[in-house]
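Student: This is the structure I want to talk about, given as structure tokens.
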Amino acid sequence: MKILILQEKIKKGLSIIERISSKSLTLPILNNVLISTEKSFLKLSTTDLEIGINWWSLAKIEKEGEIVIPSKLLLNFINLLPNKKINFIKKGDDLNIECDNYNTKIKGFSPEEFPIIPKIGKEEFISVKNMDFCKGLSQLVDIATPSTTRPEISGLYFNFKKDLITTAATDSFRLGEKTISLRGKGPIDKEYSLIIPQKTIKEVINIFSEKEGEMKIYFSPNQIMFESLMQETIHEEIQIISRLIEGEYPNYKEIIPKKFTTQLILNKEDFINQIKSAALFSGKVSEIKLKVNSAGKEVDILSQSIDIGDYKSSIPSKIKGNDLTISFNYRFLLDGLLNIKSSEVTLDLNGDSGPGVLRPVGDETYLYVVMPIKSS
């Protein structure tokens, strides 16, 4: 194998694929990157056995071949090289790297030891705008929580149907739902419902959120693939292939209240600042109280700590419905508010023990359900 490529190109690829290189003691081969050639392209591949990433770049391929090299070591070394042409030359299981006045040898491994990354058929797919898709997912991704007893809530639920993606995440204490319109078109002719691991979605956001253009999402019974093409060619540039989580996602629609007894419309920034202030006095249980006063058209925000003291503030609000006092974990309330982009928010309440629902004013595509702290 003999390859000539610019330092900035290989650096970009290694920065993308090195993220999922596993720090495995039982399977040290997962700490490596597979470097291979495909006609006029250099290909880099890594996997942790749950997620696989492939990355391609145009390069001068003088001799085809493949080799497995420690990914972190290679990236750290490439980062130190000048932005000039780099020669990769395979000699046995070693990789010689030549650049300017650098001439280095890194010990590698046989490609036969490297796990096979599954290939997914390209019959069924949809196209989405990278930035819109990732922006929507970022509102939910941190809600999911790893669980060995309930692995289905370790991921995000997706329903692909016609021209809409509905996705949801929960940790049993709060729930987020986001709908994303499909602007691209693909020959998808049926509905798909599946659960994608949280780690996969985080990688999709990290890799594609700043990338212009579209990605294609391909479906298979046990895997899913996210793919983008190079701008200058119709060749693949990045692929993320992930396993799906088996099981049935909770029927979360049942949790979302259809009616409310009290509705508040609040200025988001003021609400966030007052919750943060109340949090300082919330004690070990992180509890804050909202006291709705419809006659005064305001909401009192209260918290109390035996060791620190008491807090009280009020915020003007448009109020419909009944007065009530309700307690929330301030962290859960803040998480929902910080993912809302509008200047005003709606908080729908159903008594002091029913779930609260946060929505952006003027945006029907996002909602956040949070369970109250029940009075003892």
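Ordering of the structure tokens sets the chain letters (A, B, ...), residue numbers begin anew at 1 in every chain, and ligands are numbered from 1 in the order given.
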Give me, as a count of residues only, all polymer residues having an atom no more than 10 Å from Asp335 of chain A, counting only C-alpha atoms and skipping those fewer than 2 positions away in the same chain.
Tutor: 16
Student: Might you pull out every residue within 9 Å of segment 209-220 of chain A, with only C-alpha atoms counted and same-chain residues fewer than 2 positions away left off, and present them as a ChimeraX atom specification?
Tutor: /A:120-135,184,186,192,204-207,222-229,231
Student: Include N, CA and C atoms and write out the residues we just selected as a compact mmCIF listing (two decimals), in the first residue's frame.
Tutor:
```
# COMPACT_ATOMS: atom_id res chain seq x y z
N ILE A 120 -25.24 -2.18 4.71
CA ILE A 120 -26.69 -2.05 4.67
C ILE A 120 -27.14 -1.78 3.24
N GLY A 121 -28.16 -2.48 2.82
CA GLY A 121 -28.71 -2.25 1.49
C GLY A 121 -29.28 -0.85 1.35
N LYS A 122 -29.31 -0.37 0.13
CA LYS A 122 -29.73 1.02 -0.11
C LYS A 122 -31.08 1.11 -0.81
N GLU A 123 -31.92 0.11 -0.58
CA GLU A 123 -33.24 0.12 -1.23
C GLU A 123 -34.20 1.09 -0.54
N GLU A 124 -34.19 1.09 0.79
CA GLU A 124 -35.13 1.92 1.55
C GLU A 124 -34.38 3.05 2.24
N PHE A 125 -34.74 4.29 1.93
CA PHE A 125 -34.06 5.42 2.56
C PHE A 125 -34.94 6.66 2.51
N ILE A 126 -34.55 7.64 3.35
CA ILE A 126 -35.12 8.98 3.26
C ILE A 126 -33.96 9.97 3.28
N SER A 127 -34.22 11.19 2.83
CA SER A 127 -33.22 12.26 2.86
C SER A 127 -33.69 13.35 3.81
N VAL A 128 -32.76 13.87 4.60
CA VAL A 128 -33.08 14.95 5.54
C VAL A 128 -31.99 16.01 5.47
N LYS A 129 -32.35 17.24 5.82
CA LYS A 129 -31.37 18.31 5.93
C LYS A 129 -30.53 18.08 7.18
N ASN A 130 -29.22 18.06 7.02
CA ASN A 130 -28.34 17.77 8.15
C ASN A 130 -28.64 18.65 9.36
N MET A 131 -28.64 19.95 9.15
CA MET A 131 -28.73 20.88 10.28
C MET A 131 -30.10 20.83 10.94
N ASP A 132 -31.17 20.74 10.15
CA ASP A 132 -32.51 20.67 10.73
C ASP A 132 -32.68 19.40 11.56
N PHE A 133 -32.20 18.29 11.01
CA PHE A 133 -32.33 17.00 11.68
C PHE A 133 -31.55 17.01 13.00
N CYS A 134 -30.31 17.46 12.97
CA CYS A 134 -29.48 17.45 14.18
C CYS A 134 -29.98 18.45 15.22
N LYS A 135 -30.48 19.58 14.75
CA LYS A 135 -31.03 20.57 15.68
C LYS A 135 -32.21 19.99 16.45
N GLY A 184 -36.42 16.37 2.01
CA GLY A 184 -35.92 15.55 0.90
C GLY A 184 -36.91 14.46 0.57
N GLY A 186 -37.28 10.26 -0.75
CA GLY A 186 -36.64 8.98 -1.01
C GLY A 186 -37.70 7.95 -1.31
N TYR A 192 -41.72 3.16 9.43
CA TYR A 192 -40.69 2.52 10.23
C TYR A 192 -40.77 3.05 11.66
N VAL A 204 -24.14 11.23 15.57
CA VAL A 204 -24.78 11.85 14.41
C VAL A 204 -24.78 13.38 14.57
N ILE A 205 -25.14 13.85 15.76
CA ILE A 205 -25.16 15.30 16.01
C ILE A 205 -23.76 15.88 15.91
N ASN A 206 -22.78 15.22 16.53
CA ASN A 206 -21.40 15.73 16.52
C ASN A 206 -20.83 15.82 15.11
N ILE A 207 -21.16 14.85 14.27
CA ILE A 207 -20.54 14.76 12.95
C ILE A 207 -21.28 15.59 11.90
N ASN A 222 -32.18 -4.79 11.63
CA ASN A 222 -31.46 -4.67 12.90
C ASN A 222 -30.44 -3.53 12.94
N GLN A 223 -30.30 -2.81 11.83
CA GLN A 223 -29.29 -1.77 11.73
C GLN A 223 -29.90 -0.53 11.08
N ILE A 224 -29.21 0.59 11.25
CA ILE A 224 -29.57 1.83 10.55
C ILE A 224 -28.29 2.50 10.12
N MET A 225 -28.33 3.24 8.99
CA MET A 225 -27.13 3.90 8.50
C MET A 225 -27.45 5.35 8.14
N PHE A 226 -26.56 6.25 8.58
CA PHE A 226 -26.62 7.66 8.23
C PHE A 226 -25.45 7.94 7.30
N GLU A 227 -25.73 8.58 6.16
CA GLU A 227 -24.69 8.73 5.14
C GLU A 227 -24.76 10.12 4.50
N SER A 228 -23.58 10.70 4.27
CA SER A 228 -23.50 11.92 3.47
C SER A 228 -22.48 11.72 2.37
N LEU A 229 -22.66 12.45 1.27
CA LEU A 229 -21.78 12.33 0.10
C LEU A 229 -20.80 13.49 0.05
N GLN A 231 -19.11 16.68 -1.60
CA GLN A 231 -19.67 17.74 -2.43
C GLN A 231 -19.16 17.67 -3.86
```
Student: If DSSP is run on the backbone, what residues of segment 109-205 of chain A are helix (DSSP H, G or I)? A reply as a PyMOL selection string would be ideal.
Tutor: chain A and resi 111-113+130-138+151-154+198-205
Student: Skipping near chain neighbours, those fewer than 6 positions away, what residues fall within 10 Å of Pro151 of chain A using only C-alpha atoms, listed as a list in words?
Tutor: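 Once the adjacent positions are removed, what remains is Thr145, Ile195, Pro197, Ile245, Glu246, Gly247, Glu248 and Tyr249 of chain A.
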Student: Next, write the just-selected residues to a file, as a PDB file, in the first residue's frame, keeping N, CA and C atoms as the atom set.
Tutor:
```pdb
ATOM      1  N   THR A 145     -31.659   7.774  29.054  1.00  0.00           N
ATOM      2  CA  THR A 145     -30.728   7.393  30.116  1.00  0.00           C
ATOM      3  C   THR A 145     -30.373   5.918  29.997  1.00  0.00           C
ATOM      4  N   ILE A 195     -35.812   2.011  17.652  1.00  0.00           N
ATOM      5  CA  ILE A 195     -35.137   2.656  18.778  1.00  0.00           C
ATOM      6  C   ILE A 195     -33.637   2.689  18.473  1.00  0.00           C
ATOM      7  N   PRO A 197     -29.752   3.788  19.683  1.00  0.00           N
ATOM      8  CA  PRO A 197     -29.006   4.088  20.919  1.00  0.00           C
ATOM      9  C   PRO A 197     -28.657   5.563  21.046  1.00  0.00           C
ATOM     10  N   ILE A 245     -31.833  -0.904  19.075  1.00  0.00           N
ATOM     11  CA  ILE A 245     -32.169  -1.504  20.361  1.00  0.00           C
ATOM     12  C   ILE A 245     -33.430  -2.341  20.180  1.00  0.00           C
ATOM     13  N   GLU A 246     -33.345  -3.594  20.592  1.00  0.00           N
ATOM     14  CA  GLU A 246     -34.513  -4.473  20.490  1.00  0.00           C
ATOM     15  C   GLU A 246     -35.508  -4.155  21.600  1.00  0.00           C
ATOM     16  N   GLY A 247     -36.755  -4.477  21.347  1.00  0.00           N
ATOM     17  CA  GLY A 247     -37.790  -4.256  22.347  1.00  0.00           C
ATOM     18  C   GLY A 247     -38.836  -3.280  21.864  1.00  0.00           C
ATOM     19  N   GLU A 248     -39.822  -3.061  22.694  1.00  0.00           N
ATOM     20  CA  GLU A 248     -40.927  -2.172  22.347  1.00  0.00           C
ATOM     21  C   GLU A 248     -40.854  -0.927  23.197  1.00  0.00           C
ATOM     22  N   TYR A 249     -40.915   0.237  22.551  1.00  0.00           N
ATOM     23  CA  TYR A 249     -40.831   1.492  23.281  1.00  0.00           C
ATOM     24  C   TYR A 249     -42.128   1.724  24.050  1.00  0.00           C
TER      25      TYR A 249
END
```
Student: What's the 6 Å shell around segment 79-95 of chain A, counting only C-alpha atoms, without same-chain residues fewer than 4 positions away, as a ChimeraX atom specification?
Tutor: /A:1-8,99,105-109
Student: To one decimal in Å, tell me the separation between atom CA of Thr166 of chain A and atom CA of Asp352 of chain A.
Tutor: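 The value is 29.2 Å.
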Student: Env of Ile315 of chain A: 9 Å cut, atoms = only C-alpha atoms, seq-sep filter 2 positions within chain, self excluded. Answer as a compact mmCIF listing (two decimals) with N, CA and C atoms, in the first residue's frame.
Tutor:
```txt
# COMPACT_ATOMS: atom_id res chain seq x y z
N LEU A 266 -45.26 32.29 29.96
CA LEU A 266 -44.21 32.99 30.69
C LEU A 266 -43.07 33.42 29.77
N ASN A 267 -42.39 34.48 30.17
CA ASN A 267 -41.16 34.86 29.47
C ASN A 267 -40.08 33.83 29.80
N ASP A 270 -36.73 35.07 31.80
CA ASP A 270 -37.02 35.42 33.20
C ASP A 270 -37.31 34.18 34.02
N PHE A 271 -38.06 33.27 33.44
CA PHE A 271 -38.41 32.03 34.13
C PHE A 271 -37.16 31.21 34.44
N GLN A 274 -35.11 32.87 37.28
CA GLN A 274 -35.69 32.72 38.61
C GLN A 274 -35.60 31.28 39.11
N LYS A 297 -52.24 37.65 38.42
CA LYS A 297 -51.58 37.39 37.14
C LYS A 297 -50.06 37.22 37.30
N GLU A 298 -49.71 36.38 38.27
CA GLU A 298 -48.29 36.11 38.50
C GLU A 298 -48.12 34.73 39.11
N VAL A 299 -46.89 34.23 39.01
CA VAL A 299 -46.53 32.94 39.57
C VAL A 299 -45.40 33.16 40.56
N ASP A 300 -45.62 32.73 41.79
CA ASP A 300 -44.54 32.78 42.80
C ASP A 300 -43.66 31.55 42.63
N ILE A 301 -42.37 31.77 42.79
CA ILE A 301 -41.39 30.67 42.73
C ILE A 301 -40.72 30.60 44.08
N SER A 313 -39.65 34.55 44.74
CA SER A 313 -39.72 35.59 43.72
C SER A 313 -41.03 35.40 42.97
N SER A 317 -47.38 36.48 34.46
CA SER A 317 -47.80 35.37 33.61
C SER A 317 -49.21 35.59 33.10
```
Student: Counting only C-alpha atoms, which residue out of A:Pro360, A:Gly13, A:Gly176, A:Gly155 sits closest to Lys199 of chain A?
Tutor: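 So, comparing all the options, the nearest one is A:Gly155.
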Student: Among segment 145-361 of chain A, which ones does DSSP assign to strand (DSSP E) (computed from the backbone)? Answer as a ChimeraX atom specification.
Tutor: /A:155-161,164-170,174-181,192-197,214-219,223-229,236-243,262-267,287-293,298-305,309-316,318-321,324-329,344-349,356-360
Student: Would you work out the distance separating atom CA of Asn31 of chain A from atom CA of Val68 of chain A, expressed in Å to one decimal?
Tutor: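 Spanning atom CA of Asn31 of chain A to atom CA of Val68 of chain A is a straight-line distance of 9.7 Å.
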Student: Write out as a short mmCIF file (atom, residue, chain, number, x, y, z; two decimals) with C-alpha atoms, in the first residue's frame which residues come within 9 Å of Glu364 of chain A when counting only C-alpha atoms, dropping same-chain ones fewer than 5 positions away.
Tutor:
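Wrote it out as selection_10.cif, contents follow:
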```cif
data_model
loop_
_atom_site.label_atom_id
_atom_site.label_comp_id
_atom_site.auth_asym_id
_atom_site.auth_seq_id
_atom_site.Cartn_x
_atom_site.Cartn_y
_atom_site.Cartn_z
CA LYS A 178 -40.00 16.41 18.50
CA THR A 179 -41.49 16.27 15.02
CA ARG A 359 -44.13 24.02 24.81
#
```
Student: Please indicate the distance in Å from atom CA of Pro118 of chain A to atom CA of Lys72 of chain A, rounded to one decimal place.
Tutor: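 Atom CA of Pro118 of chain A sits 23.1 Å away from atom CA of Lys72 of chain A.
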